$ cat coords.cif   # mmCIF, C-alpha atoms and all ligand atoms
data_entry
loop_
_atom_site.label_atom_id
_atom_site.label_comp_id
_atom_site.auth_asym_id
_atom_site.auth_seq_id
_atom_site.Cartn_x
_atom_site.Cartn_y
_atom_site.Cartn_z
CA ILE A 808 -39.35 -11.83 -19.08
CA ALA A 809 -37.21 -14.01 -21.28
CA VAL A 810 -34.23 -11.99 -22.32
CA CYS A 811 -31.68 -14.51 -23.45
CA GLY A 812 -31.74 -16.46 -26.64
CA CYS A 813 -34.77 -14.52 -27.79
CA LYS A 814 -34.28 -12.53 -30.96
CA LYS A 815 -35.61 -9.05 -30.55
CA ASP A 816 -38.07 -9.33 -33.43
CA ASP A 817 -39.61 -12.57 -32.12
CA ALA A 818 -42.26 -10.81 -30.12
CA PRO A 819 -42.56 -7.12 -30.86
CA ALA A 820 -44.33 -5.11 -28.20
CA ALA A 821 -47.62 -3.49 -29.10
CA GLY A 822 -47.19 -0.42 -31.26
CA GLU A 823 -43.59 -1.27 -32.00
CA GLY A 824 -42.08 -2.00 -35.40
CA SER A 825 -40.65 -5.48 -35.82
CA ASP A 826 -37.13 -4.09 -36.24
CA ALA A 827 -37.19 -1.91 -33.11
CA ALA A 828 -35.46 -2.78 -29.84
CA PRO A 829 -37.74 -3.85 -26.98
CA VAL A 830 -39.52 -0.76 -25.63
CA LYS A 831 -38.72 -1.46 -22.04
CA ALA A 832 -34.97 -2.08 -22.21
CA ILE A 833 -33.40 -1.80 -18.75
CA LYS A 834 -31.07 1.18 -18.83
CA LEU A 835 -27.88 1.13 -16.77
CA SER A 836 -25.29 3.87 -16.45
CA TYR A 837 -21.61 2.89 -16.25
CA ALA A 838 -19.08 5.49 -14.98
CA ASN A 839 -15.34 5.46 -15.56
CA PHE A 840 -12.62 7.95 -14.62
CA PRO A 841 -9.94 7.90 -17.37
CA PRO A 842 -10.39 8.85 -21.06
CA ALA A 843 -12.06 6.51 -23.56
CA PRO A 844 -8.93 5.07 -25.25
CA THR A 845 -7.46 3.73 -21.97
CA PHE A 846 -7.77 0.11 -20.82
CA PRO A 847 -10.43 0.63 -18.09
CA CYS A 848 -12.70 2.09 -20.77
CA VAL A 849 -11.79 -0.49 -23.43
CA GLN A 850 -12.88 -3.24 -21.04
CA MET A 851 -16.02 -1.22 -20.18
CA GLU A 852 -17.08 -1.06 -23.86
CA ARG A 853 -16.35 -4.74 -24.29
CA TRP A 854 -18.54 -5.61 -21.27
CA LYS A 855 -21.32 -3.31 -22.50
CA ASP A 856 -21.32 -4.91 -25.98
CA GLU A 857 -21.31 -8.44 -24.60
CA VAL A 858 -24.07 -7.79 -22.06
CA GLU A 859 -26.28 -6.06 -24.64
CA LYS A 860 -25.73 -8.92 -27.08
CA ARG A 861 -26.21 -11.73 -24.57
CA THR A 862 -29.39 -10.23 -23.12
CA GLY A 863 -30.82 -9.82 -26.62
CA GLY A 864 -31.20 -6.08 -26.20
CA ALA A 865 -33.13 -6.29 -22.93
CA VAL A 866 -30.37 -4.28 -21.26
CA GLU A 867 -28.97 -1.01 -22.56
CA ILE A 868 -25.77 0.33 -21.03
CA ASN A 869 -24.78 3.97 -21.27
CA THR A 870 -21.07 4.47 -20.70
CA TYR A 871 -19.50 7.63 -19.25
CA PRO A 872 -15.69 7.73 -19.70
CA GLY A 873 -13.33 10.49 -18.61
CA GLY A 874 -14.95 11.25 -15.25
CA SER A 875 -18.03 12.67 -16.98
CA LEU A 876 -20.34 11.00 -14.44
CA LEU A 877 -18.04 10.17 -11.50
CA GLU A 878 -14.39 11.11 -10.84
CA ALA A 879 -11.71 8.64 -9.75
CA LYS A 880 -12.00 9.03 -5.99
CA ASP A 881 -15.82 9.31 -5.95
CA MET A 882 -16.39 6.05 -7.80
CA MET A 883 -17.20 3.68 -4.93
CA ASP A 884 -19.41 6.08 -2.98
CA GLY A 885 -21.06 7.29 -6.19
CA VAL A 886 -22.09 3.74 -7.05
CA ILE A 887 -23.24 2.98 -3.50
CA SER A 888 -25.42 6.10 -3.48
CA GLY A 889 -26.74 5.39 -6.98
CA GLN A 890 -25.29 8.36 -8.89
CA ALA A 891 -24.11 5.71 -11.34
CA ASP A 892 -25.42 2.14 -11.56
CA ILE A 893 -21.98 0.75 -12.36
CA GLY A 894 -18.48 2.15 -11.80
CA CYS A 895 -14.89 1.16 -12.48
CA LEU A 896 -12.42 2.02 -9.75
CA CYS A 897 -8.71 1.85 -9.08
CA MET A 898 -8.37 0.61 -5.51
CA ALA A 899 -4.99 2.30 -5.03
CA TYR A 900 -6.76 5.65 -4.81
CA GLN A 901 -8.36 4.65 -1.49
CA PRO A 902 -5.73 2.37 0.05
CA GLY A 903 -7.25 2.28 3.53
CA ARG A 904 -10.68 1.36 2.23
CA PHE A 905 -9.64 -1.72 0.26
CA VAL A 906 -7.09 -3.29 2.55
CA VAL A 907 -7.64 -6.91 1.48
CA THR A 908 -7.66 -6.41 -2.30
CA ASN A 909 -4.83 -3.88 -2.13
CA ALA A 910 -2.62 -6.65 -0.76
CA LEU A 911 -2.29 -7.54 -4.45
CA SER A 912 -0.24 -4.35 -4.86
CA LEU A 913 2.45 -5.49 -2.44
CA PRO A 914 5.79 -6.55 -3.99
CA LEU A 915 4.94 -10.23 -4.41
CA GLY A 916 6.43 -10.84 -7.85
CA ILE A 917 3.31 -10.81 -10.03
CA GLU A 918 4.71 -11.00 -13.56
CA ASP A 919 1.84 -9.88 -15.74
CA ALA A 920 -1.74 -8.63 -15.76
CA ALA A 921 -3.22 -12.01 -16.65
CA THR A 922 -1.69 -13.55 -13.51
CA GLY A 923 -2.58 -10.50 -11.40
CA SER A 924 -6.18 -10.42 -12.58
CA LYS A 925 -6.76 -14.11 -11.91
CA ALA A 926 -5.19 -13.80 -8.46
CA LEU A 927 -7.17 -10.67 -7.56
CA LEU A 928 -10.50 -12.22 -8.48
CA LYS A 929 -9.69 -15.37 -6.50
CA LEU A 930 -8.61 -13.27 -3.53
CA TYR A 931 -11.90 -11.39 -3.60
CA GLN A 932 -13.95 -14.56 -3.93
CA GLN A 933 -12.09 -16.40 -1.19
CA PHE A 934 -12.03 -13.62 1.42
CA GLU A 935 -15.22 -11.68 0.53
CA PRO A 936 -14.00 -8.41 2.08
CA GLU A 937 -16.76 -6.47 3.83
CA GLU A 938 -15.92 -3.22 1.98
CA PHE A 939 -17.82 -4.70 -0.97
CA ALA A 940 -20.93 -5.62 1.04
CA ASP A 941 -22.89 -2.67 -0.40
CA VAL A 942 -22.18 -3.45 -4.07
CA LYS A 943 -22.19 -6.29 -6.57
CA VAL A 944 -18.72 -7.00 -7.96
CA LEU A 945 -18.87 -7.50 -11.75
CA ALA A 946 -15.14 -7.84 -12.50
CA MET A 947 -11.71 -7.45 -10.93
CA PHE A 948 -8.43 -7.10 -12.76
CA THR A 949 -4.98 -5.61 -12.41
CA THR A 950 -2.59 -3.64 -14.57
CA ALA A 951 0.70 -5.10 -15.76
CA PRO A 952 3.70 -4.49 -13.43
CA SER A 953 4.85 -0.90 -12.94
CA ASN A 954 7.92 0.75 -14.43
CA ILE A 955 9.38 4.24 -14.33
CA MET A 956 8.53 6.61 -17.18
CA SER A 957 10.49 9.85 -16.94
CA LYS A 958 11.61 13.01 -18.70
CA LYS A 959 15.23 12.47 -17.57
CA PRO A 960 16.98 9.10 -17.62
CA VAL A 961 16.99 6.98 -14.46
CA ARG A 962 19.95 4.69 -15.09
CA THR A 963 20.89 3.63 -11.57
CA ALA A 964 19.22 3.15 -8.21
CA ALA A 965 20.94 6.37 -7.11
CA ASP A 966 19.32 8.34 -9.98
CA MET A 967 15.90 7.84 -8.35
CA LYS A 968 16.72 9.85 -5.25
CA GLY A 969 14.64 12.98 -4.96
CA VAL A 970 12.99 12.70 -8.41
CA ASN A 971 9.30 13.72 -8.35
CA LEU A 972 7.43 10.68 -9.60
CA ARG A 973 3.71 10.16 -9.58
CA ALA A 974 2.15 6.96 -8.19
CA SER A 975 -0.74 5.87 -5.96
CA GLY A 976 -1.40 3.40 -3.16
CA GLY A 977 0.98 0.46 -2.86
CA ALA A 978 3.08 1.68 -5.78
CA ALA A 979 3.62 5.00 -3.99
CA ARG A 980 5.18 3.20 -1.02
CA ILE A 981 7.56 1.41 -3.39
CA LEU A 982 8.84 4.76 -4.66
CA GLU A 983 9.27 5.98 -1.10
CA ALA A 984 11.31 2.89 -0.28
CA TRP A 985 13.54 3.68 -3.26
CA GLY A 986 14.09 7.27 -2.17
CA ALA A 987 12.15 8.92 -4.99
CA ASN A 988 9.88 11.80 -4.11
CA GLN A 989 6.47 10.21 -4.60
CA VAL A 990 3.56 12.45 -5.55
CA GLY A 991 0.12 10.86 -5.20
CA MET A 992 -2.73 11.54 -7.64
CA PRO A 993 -5.10 9.54 -9.82
CA MET A 994 -3.96 8.68 -13.34
CA SER A 995 -6.62 11.00 -14.75
CA GLU A 996 -4.81 14.03 -13.22
CA THR A 997 -1.33 12.98 -14.32
CA PRO A 998 -1.19 14.40 -17.88
CA GLU A 999 -1.61 17.93 -16.54
CA ALA A 1000 0.92 17.40 -13.71
CA LEU A 1001 3.50 16.17 -16.24
CA GLN A 1002 2.77 19.05 -18.57
CA LYS A 1003 3.15 21.62 -15.80
CA GLY A 1004 6.28 19.98 -14.44
CA VAL A 1005 4.70 19.18 -11.05
CA VAL A 1006 6.07 15.68 -11.64
CA GLU A 1007 9.03 14.57 -13.76
CA GLY A 1008 7.66 11.16 -14.49
CA LEU A 1009 5.39 8.41 -13.24
CA PHE A 1010 5.37 4.83 -12.03
CA SER A 1011 2.71 2.66 -13.64
CA SER A 1012 2.06 0.06 -16.33
CA LEU A 1013 3.52 0.88 -19.72
CA GLU A 1014 0.39 0.86 -21.88
CA VAL A 1015 -0.10 4.47 -20.68
CA MET A 1016 2.91 5.54 -22.80
CA LYS A 1017 0.61 5.21 -25.81
CA ASP A 1018 -2.87 5.67 -24.38
CA PHE A 1019 -2.08 8.91 -22.50
CA LYS A 1020 0.60 9.95 -25.03
CA TYR A 1021 3.20 10.04 -22.26
CA ALA A 1022 5.72 8.88 -24.89
CA ASP A 1023 5.60 12.46 -26.23
CA ILE A 1024 7.07 13.81 -23.01
CA CYS A 1025 8.66 10.86 -21.15
CA LYS A 1026 11.51 9.73 -23.37
CA TYR A 1027 12.93 7.23 -20.85
CA VAL A 1028 11.53 4.02 -19.41
CA THR A 1029 13.44 2.28 -16.61
CA MET A 1030 12.43 -1.36 -16.25
CA THR A 1031 11.72 -2.29 -12.65
CA ASP A 1032 8.77 -4.65 -13.23
CA THR A 1033 7.29 -4.18 -9.80
CA VAL A 1034 3.77 -4.12 -8.42
CA VAL A 1035 0.43 -4.06 -10.20
CA TYR A 1036 -2.55 -1.78 -9.59
CA PRO A 1037 -5.81 -3.59 -8.64
CA PHE A 1038 -9.14 -2.46 -10.16
CA ALA A 1039 -12.78 -3.38 -9.49
CA VAL A 1040 -16.04 -2.94 -11.41
CA VAL A 1041 -18.99 -2.65 -9.04
CA MET A 1042 -22.76 -2.24 -9.35
CA ASN A 1043 -25.18 -0.56 -6.99
CA ARG A 1044 -26.63 -3.32 -4.81
CA GLN A 1045 -30.32 -2.30 -5.04
CA LYS A 1046 -30.00 -1.99 -8.81
CA TRP A 1047 -28.47 -5.46 -8.97
CA GLN A 1048 -31.28 -6.91 -6.86
CA SER A 1049 -33.88 -5.29 -9.12
CA LEU A 1050 -32.58 -7.06 -12.25
CA PRO A 1051 -34.41 -10.08 -13.74
CA GLU A 1052 -32.79 -13.43 -12.93
CA ASP A 1053 -31.76 -14.11 -16.52
CA VAL A 1054 -30.00 -10.74 -16.78
CA LYS A 1055 -28.21 -11.43 -13.50
CA ALA A 1056 -27.15 -14.82 -14.86
CA VAL A 1057 -25.56 -13.21 -17.93
CA MET A 1058 -23.56 -10.80 -15.75
CA GLU A 1059 -22.69 -13.47 -13.22
CA ASP A 1060 -21.34 -15.70 -16.00
CA MET A 1061 -19.18 -12.85 -17.25
CA ILE A 1062 -17.35 -12.06 -14.00
CA GLU A 1063 -14.40 -14.37 -14.49
CA GLU A 1064 -14.39 -14.10 -18.28
CA GLN A 1065 -14.32 -10.29 -18.20
CA SER A 1066 -11.60 -10.19 -15.53
CA LEU A 1067 -9.31 -12.50 -17.48
CA TRP A 1068 -10.11 -10.82 -20.81
CA THR A 1069 -8.98 -7.51 -19.35
CA GLY A 1070 -5.74 -8.95 -17.95
CA GLU A 1071 -4.88 -10.42 -21.34
CA TYR A 1072 -5.83 -7.25 -23.18
CA MET A 1073 -3.56 -5.27 -20.83
CA ASP A 1074 -0.56 -7.55 -21.42
CA GLU A 1075 -0.93 -7.38 -25.20
CA HIS A 1076 -1.47 -3.66 -25.12
CA VAL A 1077 1.70 -3.04 -23.08
CA ASN A 1078 3.68 -4.69 -25.88
CA GLU A 1079 1.91 -2.64 -28.52
CA SER A 1080 2.48 0.56 -26.56
CA MET A 1081 6.21 -0.10 -26.16
CA GLU A 1082 6.64 -0.93 -29.86
CA TYR A 1083 5.05 2.42 -30.62
CA SER A 1084 7.14 4.23 -27.97
CA THR A 1085 10.52 2.87 -29.02
CA GLY A 1086 9.71 2.70 -32.73
CA GLU A 1087 7.81 5.90 -33.47
CA GLN A 1088 8.65 8.03 -30.45
CA GLY A 1089 12.34 7.29 -29.92
CA VAL A 1090 11.86 6.29 -26.29
CA GLU A 1091 14.89 4.66 -24.66
CA VAL A 1092 14.32 1.57 -22.50
CA ILE A 1093 16.82 1.35 -19.64
CA GLU A 1094 17.65 -1.98 -18.01
CA LEU A 1095 19.16 -1.65 -14.53
CA SER A 1096 22.35 -3.51 -13.72
CA ALA A 1097 21.93 -6.78 -11.83
CA GLN A 1098 23.51 -5.12 -8.81
CA ASP A 1099 21.09 -2.15 -8.85
CA LYS A 1100 18.11 -4.41 -9.39
CA ALA A 1101 19.15 -6.55 -6.41
CA GLU A 1102 19.62 -3.41 -4.32
CA LEU A 1103 16.15 -2.12 -5.20
CA ASP A 1104 14.54 -5.50 -4.54
CA ALA A 1105 16.25 -5.66 -1.15
CA MET A 1106 14.75 -2.29 -0.21
CA LEU A 1107 11.27 -3.75 -0.81
CA ALA A 1108 11.79 -6.93 1.15
CA PRO A 1109 10.46 -5.58 4.51
CA MET A 1110 7.20 -4.27 2.99
CA VAL A 1111 5.24 -7.51 3.03
CA VAL A 1112 6.26 -8.34 6.61
CA GLU A 1113 5.34 -4.82 7.71
CA TRP A 1114 1.95 -5.06 6.00
CA ILE A 1115 1.26 -8.39 7.71
CA GLN A 1116 2.05 -6.87 11.11
CA GLN A 1117 0.32 -3.53 10.63
CA ASN A 1118 -3.05 -4.92 9.52
CA SER A 1119 -3.26 -8.13 11.52
CA ALA A 1120 -5.72 -6.73 14.08
CA GLU A 1121 -8.40 -6.24 11.39
CA ILE A 1122 -7.82 -9.00 8.85
CA ASP A 1123 -6.11 -12.36 8.57
CA THR A 1124 -3.05 -10.90 6.84
CA GLN A 1125 -0.93 -14.05 6.94
CA ALA A 1126 -3.68 -16.11 5.29
CA ILE A 1127 -4.13 -13.44 2.62
CA ILE A 1128 -0.43 -13.39 1.68
CA THR A 1129 -0.23 -17.18 1.70
CA ALA A 1130 -3.29 -17.36 -0.57
CA ILE A 1131 -1.91 -14.80 -3.05
CA LYS A 1132 1.43 -16.63 -3.26
CA GLU A 1133 -0.45 -19.84 -3.94
CA TYR A 1134 -2.56 -18.30 -6.74
CA ILE A 1135 0.54 -16.85 -8.37
CA SER A 1136 2.63 -20.01 -8.21
CA SER A 1137 -0.20 -22.14 -9.64
CA GLU A 1138 0.02 -20.06 -12.84
C1 LIG A 1201 -4.36 3.31 -14.99
C2 LIG A 1201 -5.44 4.10 -14.59
C3 LIG A 1201 -6.25 4.65 -15.55
C4 LIG A 1201 -6.02 4.42 -16.90
C5 LIG A 1201 -4.95 3.63 -17.31
C6 LIG A 1201 -4.14 3.10 -16.35
N1 LIG A 1201 -3.04 2.30 -16.46
C7 LIG A 1201 -2.57 2.02 -15.24
C8 LIG A 1201 -3.35 2.61 -14.32
C9 LIG A 1201 -3.12 2.44 -12.91
C10 LIG A 1201 -3.35 3.59 -12.14
O1 LIG A 1201 -4.45 3.90 -11.83
C11 LIG A 1201 -2.28 4.39 -11.73
O2 LIG A 1201 -2.62 5.28 -10.96
O3 LIG A 1201 -1.13 4.19 -12.13
#
$ encode --input "coords.cif" --output "structure tokens"
Amino acid sequence: IAVCGCKKDDAPAAGEGSDAAPVKAIKLSYANFPPAPTFPCVQMERWKDEVEKRTGGAVEINTYPGGSLLEAKDMMDGVISGQADIGCLCMAYQPGRFVVTNALSLPLGIEDAATGSKALLKLYQQFEPEEFADVKVLAMFTTAPSNIMSKKPVRTAADMKGVNLRASGGAARILEAWGANQVGMPMSETPEALQKGVVEGLFSSLEVMKDFKYADICKYVTMTDTVVYPFAVVMNRQKWQSLPEDVKAVMEDMIEEQSLWTGEYMDEHVNESMEYSTGEQGVEVIELSAQDKAELDAMLAPMVVEWIQQNSAEIDTQAIITAIKEYISSE
């Protein structure tokens, strides 16, 4: 069937009004774990709208934000088993499963989400890690660099010691290196943990200050600008193979575009979120002294070398790090 470039009222199906959508639209479900206003869901709605438009209504995508179809840690297996056709996952929640792509969350000096997203997609395309063999990758992107959001001020490197801060994956190991007490959980469980006092803050990208209303409770942001969180959007492989070629072509053409769009959206939204936090919410932004920043950076220095050594039996770790550094410096 011709799906692209064909207006939906060109050839109405039998028994169908000329203004109706095609009767046999392909329906796809798309699962996401955080609430609708957050960036993984904003990019999901953008992808849905573009795919529906570019396929001329031949594809209909039903989105399920907030873990209503699959929860954070079930995303990959849920898509592989077909509980959802498409899913958006944060790879930090299963660090051992996504060893290659999680290399992006090592302290390598990625400055923003646009750079991180470009680098992550290239990394995936160059190394084709086998953990994605059972799915079709539709997009990959990262958050902006992580900073500390907390109820009490963290003004020095010493202030971090023993503070319960929530993080996941590579970011969690950064907090450990700094002597904070890292508590691991998906972002979707963090609002309750903050509310109950299980954690006193978190370590993530700053758009969450607005999108999760953390600015209501975390009145301090300490700028560390370290490590991004890598994300993937994946489709069930059999479902992908069942799609008409012209539908596949639309989605294929959108892989890079969607990945970069999301990185840019993230960077802009971090700025918006911090304007809101400092302007309307009275949040204080703390800059560490040059000496403290150097001390914290020095504590992270061994992490990349350790990662190269620890994973070298399974993957070409040196080549992966060299490739990432190349992608980043070509920005
Ligand atoms: C994230 C996850 C869900 C919604 C918004 C978000 N912003 C940053 C993240 C990264 C993340 O998953 C995390 O655990 O910090």
$ residues_near_ligand --input "coords.cif" --ligand "ligand LIG 1201 (chain A)" --cutoff "6 Å" --atoms "all atoms listed in the file" --output "compact mmCIF listing (two decimals) with C-alpha atoms, in the frame of the given file"
# COMPACT_ATOMS: atom_id res chain seq x y z
CA PRO A 841 -9.94 7.90 -17.37
CA THR A 845 -7.46 3.73 -21.97
CA PHE A 846 -7.77 0.11 -20.82
CA PRO A 847 -10.43 0.63 -18.09
CA CYS A 897 -8.71 1.85 -9.08
CA THR A 950 -2.59 -3.64 -14.57
CA ALA A 974 2.15 6.96 -8.19
CA SER A 975 -0.74 5.87 -5.96
CA PRO A 993 -5.10 9.54 -9.82
CA MET A 994 -3.96 8.68 -13.34
CA SER A 1011 2.71 2.66 -13.64
CA SER A 1012 2.06 0.06 -16.33
CA VAL A 1015 -0.10 4.47 -20.68
CA TYR A 1036 -2.55 -1.78 -9.59
$ residues_around --input "coords.cif" --residues "range 985-989 of chain A" --least-positions-apart "6" --cutoff "7 Å" --atoms "all atoms listed in the file" --output "list in words"
Met967, Lys968, Gly969, Val970, Asn971, Leu972, Arg973, Ala974, Ala979, Leu1103 and Met1106 of chain A
$ residues_near_point --input "coords.cif" --point "(7.8, 0.2, -18.9)" --cutoff "6 Å" --atoms "only C-alpha atoms" --output "list in words"
Asn954, Leu1013, Val1028 and Met1030 of chain A
$ residues_around --input "coords.cif" --residues "Thr1033 in chain A" --least-positions-apart "5" --cutoff "10 Å" --atoms "all atoms listed in the file" --output "PDB file with C-alpha atoms, keeping the file's coordinate frame"
ATOM      1  CA  SER A 912      -0.240  -4.350  -4.860  1.00  0.00           C
ATOM      2  CA  LEU A 913       2.450  -5.490  -2.440  1.00  0.00           C
ATOM      3  CA  PRO A 914       5.790  -6.550  -3.990  1.00  0.00           C
ATOM      4  CA  LEU A 915       4.940 -10.230  -4.410  1.00  0.00           C
ATOM      5  CA  GLY A 916       6.430 -10.840  -7.850  1.00  0.00           C
ATOM      6  CA  ILE A 917       3.310 -10.810 -10.030  1.00  0.00           C
ATOM      7  CA  GLU A 918       4.710 -11.000 -13.560  1.00  0.00           C
ATOM      8  CA  ASP A 919       1.840  -9.880 -15.740  1.00  0.00           C
ATOM      9  CA  ALA A 951       0.700  -5.100 -15.760  1.00  0.00           C
ATOM     10  CA  PRO A 952       3.700  -4.490 -13.430  1.00  0.00           C
ATOM     11  CA  SER A 953       4.850  -0.900 -12.940  1.00  0.00           C
ATOM     12  CA  ASN A 954       7.920   0.750 -14.430  1.00  0.00           C
ATOM     13  CA  ILE A 955       9.380   4.240 -14.330  1.00  0.00           C
ATOM     14  CA  ALA A 978       3.080   1.680  -5.780  1.00  0.00           C
ATOM     15  CA  ILE A 981       7.560   1.410  -3.390  1.00  0.00           C
ATOM     16  CA  PHE A1010       5.370   4.830 -12.030  1.00  0.00           C
ATOM     17  CA  SER A1011       2.710   2.660 -13.640  1.00  0.00           C
ATOM     18  CA  SER A1012       2.060   0.060 -16.330  1.00  0.00           C
ATOM     19  CA  ASP A1104      14.540  -5.500  -4.540  1.00  0.00           C
ATOM     20  CA  LEU A1107      11.270  -3.750  -0.810  1.00  0.00           C
TER      21      LEU A1107
END
$ axis_aligned_box --input "coords.cif" --around "range 921-933 of chain A" --padding-each-side "6 Å" --output "AutoDock Vina command-line options"
--center_x -7.8 --center_y -13.4 --center_z -8.9 --size_x 24.3 --size_y 18.0 --size_z 27.5
$ atom_distance --input "coords.cif" --atom1 "CA of Thr922 in chain A" --atom2 "CA of Val1111 in chain A"
18.9 Å
$ residues_around --input "coords.cif" --residues "Thr1085 in chain A" --least-positions-apart "2" --cutoff "12 Å" --atoms "only C-alpha atoms" --output "ChimeraX atom specification"
/A:1013,1016-1017,1022-1023,1025-1028,1078-1083,1087-1093
$ closest_residue --input "coords.cif" --among "A:Val1041, A:Thr1029, A:Ser1119, A:Glu1075" --to "Thr963 in chain A" --atoms "only C-alpha atoms"
A:Thr1029
